[in-house]
Structure formats: C-alpha cells, structure tokens
Amino acid sequence: MAIVDNKSLFKIGYGLYVVTTSDGKRDNGMICNTVVQVTGEPPRLAVTINKANYTHDTIRATGKMNVCTLSQSAPFSVFENFGFRSGRDTDKFDGAAFTRSANGLVVVSRHSNSFFSLAVESYVDLGTHGMFICAVTEAQTLSDEPTMTYDYYQENVKPKPQIAPAAPGAPKRWICPICGYVYEGEGQPPADYLCPLCKHPGSEFVEEA
C-alpha cells in the first residue's frame with residue numbers, strides 16, 4: 001500500500017510573498033507561499049489562497065491583486081503584520097509608507113525585490129483553498145537582493161518558539177511550523193483545522209519531539 005508522508009511536503013521549495021488587495025475601502029495584504037509561474041508567453045501566475053483568509057474574498061470580488069516577492073532583508077515584523085492578523089478587522093497599512101502600481105494596489109517595496117500586478121483569468125475551487133490563474137499586467141524588479149524562501153525564513157528570521165515542557169501524562173502536542181502555536185491532542189489536528197494565529201492547515205502541524 002502506498003504511503004503518503006505529509007512531512008515530505010516540507011522538502012518542496014517555496015518563496016514567500018505579500019499578496020496585496022483592496023476591498024474598495026481599505027487596503028489589505030497577507031503572507032503567501034503558493035505563487036507559481038504557469039506560462040511564459042503570455043506570462044501567467046497561479047496564486048492559491050486559503051478560503052478562510054479575507055484576501056481570498058477580496059480577490060474573488062475584484063479580480064485583481066499584487067504579488068510582492070519578499071527579499072531576505074524582510075524582518076519578522078513583516079510576517080507578524082501580514083501573517084498573524086486578519087484584514088477583516090485590521091488596517092495592515094495604517095501609518096506605513098508604500099507605493100502603488102498602475103492597478104491602484106499597494107506595492108510593499110521596502111522589503112521586496114520584485115512585484116507583479118495580476119488580473120484573474122480563471123478560478124479553480126480546491127475545497128479549503130481557491131487557485132487564481134492570473135495574467136501579469138505589470139512586473140518590476142526592485143532590487144537584486146536574494147529572495148526570501150521558506151527555509152531561509154525558518155532558519156534565519158522566525159524566532160524559535162519557547163514552549164514549556166509538557167506535564168507528565170499530558171496529551172501529545174503538535175506545533176504549527178509557521179508561528180509555533182501548540183495544539184494538544186492524541187492525534188494530529190483534523191483536516192479542516194486551521195491555526196488560530198496564522199491560519200496554517202493543521203495537516204502540516206508537526207508532532208513535538
């Protein structure tokens with residue numbers, strides 16, 4: 001019988017991006033690691049967003065977004081702002097300096113080495129997530145700094161979680177690989193479970209060693 005080891009998914013390389021949108025009244029942004037080029041002529045990108053994120057709803061409503069490729073200079077505060085707070089009740093750009101692209105959306109230029117303005121051409125419903133297939137309407141290189149990857153973030157940017165030892169006889173603990181949130185239970189979090197801090201799926205939580 002074939003085995004599916006979910007931990008093997010962590011061996012796939014990912015970049016880290018800020019996806020920016022607007023609901024018409026307020027700008028919004030979120031951390032995303034699922035951006036893929038799918039064609040070269042014409043250039044198209046696929047961006048996959050969890051349906052629980054407000055960004056998913058705004059893209060569905062407006063049909064446009066910007067993708068800002070984070071560089072290795074991005075501090076943890078960028079991930080705290082765009083990854084651990086919801087745009088439904090937070091203005092993530094309040095007091096921040098930023099620029100805008102031709103489509104009117106925010107470009108997070110300070111810690112990005114490039115950005116892409118995207119127009120949605122089609123949508124694929126993936127159950128918990130939605131995939132947006134997009135045409136590139138604008139693209140600019142902002143710097144030559146190396147791109148922030150998931151591995152670089154884990155090793156060099158993300159603070160190591162300080163987790164107190166489990167009490168004797170306590171349930172097993174499962175750790176969110178993004179923010180360090182601890183889930184307690186005899187089994188891995190259920191398939192539909194989302195980290196309450198960063199919305200990462202429970203299926204990717206790692207059992208505490």
# chains A, B, ... in the order shown; residues from 1 in each chain; ligands from 1
>>> residues_around(residues="Tyr152 in chain A", least_positions_apart="2", cutoff="12 Å", atoms="only C-alpha atoms", output="list in words")
Gly13, Tyr14, Gly15, Leu16, Leu70, Ser71, Gln72, Ser73, Ala74, Pro75, Phe76, Pro146, Thr147, Met148, Thr149, Tyr150, Gln154, Glu155, Asn156, Val157 and Lys158 of chain A
>>> select_by_dssp(residues="range 1-201 of chain A", states="helix (DSSP H, G or I)", output="MDAnalysis selection string")
chainID A and resid 6:11 54:62 76:83 150:157
>>> residues_around(residues="Ala135 in chain A", least_positions_apart="6", cutoff="8 Å", atoms="only C-alpha atoms", output="MDAnalysis selection string")
chainID A and resid 42:45 118:121
>>> atom_distance(atom1="CA of Val35 in chain A", atom2="CA of Val106 in chain A")
17.7 Å
>>> residues_around(residues="Tyr181 in chain A", least_positions_apart="6", cutoff="8 Å", atoms="only C-alpha atoms", output="mmCIF file with N, CA and C atoms, in the first residue's frame")
data_model
loop_
_atom_site.group_PDB
_atom_site.id
_atom_site.type_symbol
_atom_site.label_atom_id
_atom_site.label_comp_id
_atom_site.auth_asym_id
_atom_site.auth_seq_id
_atom_site.Cartn_x
_atom_site.Cartn_y
_atom_site.Cartn_z
ATOM 1 N N ILE A 175 2.881 21.164 16.759
ATOM 2 C CA ILE A 175 3.384 22.522 16.632
ATOM 3 C C ILE A 175 3.135 23.062 15.222
ATOM 4 N N CYS A 195 -4.753 26.895 12.068
ATOM 5 C CA CYS A 195 -4.081 27.547 13.185
ATOM 6 C C CYS A 195 -4.823 28.835 13.526
ATOM 7 N N LEU A 197 -3.796 31.416 14.930
ATOM 8 C CA LEU A 197 -2.956 32.601 14.793
ATOM 9 C C LEU A 197 -2.664 32.951 13.344
#
>>> residues_around(residues="range 85-88 of chain A", least_positions_apart="4", cutoff="7 Å", atoms="only C-alpha atoms", output="PDB file with N, CA, C and O atoms, in the first residue's frame")
ATOM      1  N   ASN A  28      -5.358  45.759   1.881  1.00  0.00           N
ATOM      2  CA  ASN A  28      -5.110  44.571   2.681  1.00  0.00           C
ATOM      3  C   ASN A  28      -3.905  43.825   2.111  1.00  0.00           C
ATOM      4  O   ASN A  28      -3.522  44.027   0.947  1.00  0.00           O
ATOM      5  N   TYR A  54      -9.375  36.682   4.411  1.00  0.00           N
ATOM      6  CA  TYR A  54     -10.147  37.771   3.816  1.00  0.00           C
ATOM      7  C   TYR A  54      -9.639  38.114   2.413  1.00  0.00           C
ATOM      8  O   TYR A  54     -10.415  38.526   1.542  1.00  0.00           O
ATOM      9  N   ASN A  81       2.900  41.288  10.827  1.00  0.00           N
ATOM     10  CA  ASN A  81       1.863  42.188  10.341  1.00  0.00           C
ATOM     11  C   ASN A  81       0.967  41.522   9.309  1.00  0.00           C
ATOM     12  O   ASN A  81      -0.269  41.571   9.402  1.00  0.00           O
ATOM     13  N   LYS A  92      -3.734  46.838   7.944  1.00  0.00           N
ATOM     14  CA  LYS A  92      -2.333  46.433   7.988  1.00  0.00           C
ATOM     15  C   LYS A  92      -1.381  47.485   7.421  1.00  0.00           C
ATOM     16  O   LYS A  92      -0.166  47.367   7.579  1.00  0.00           O
TER      17      LYS A  92
END
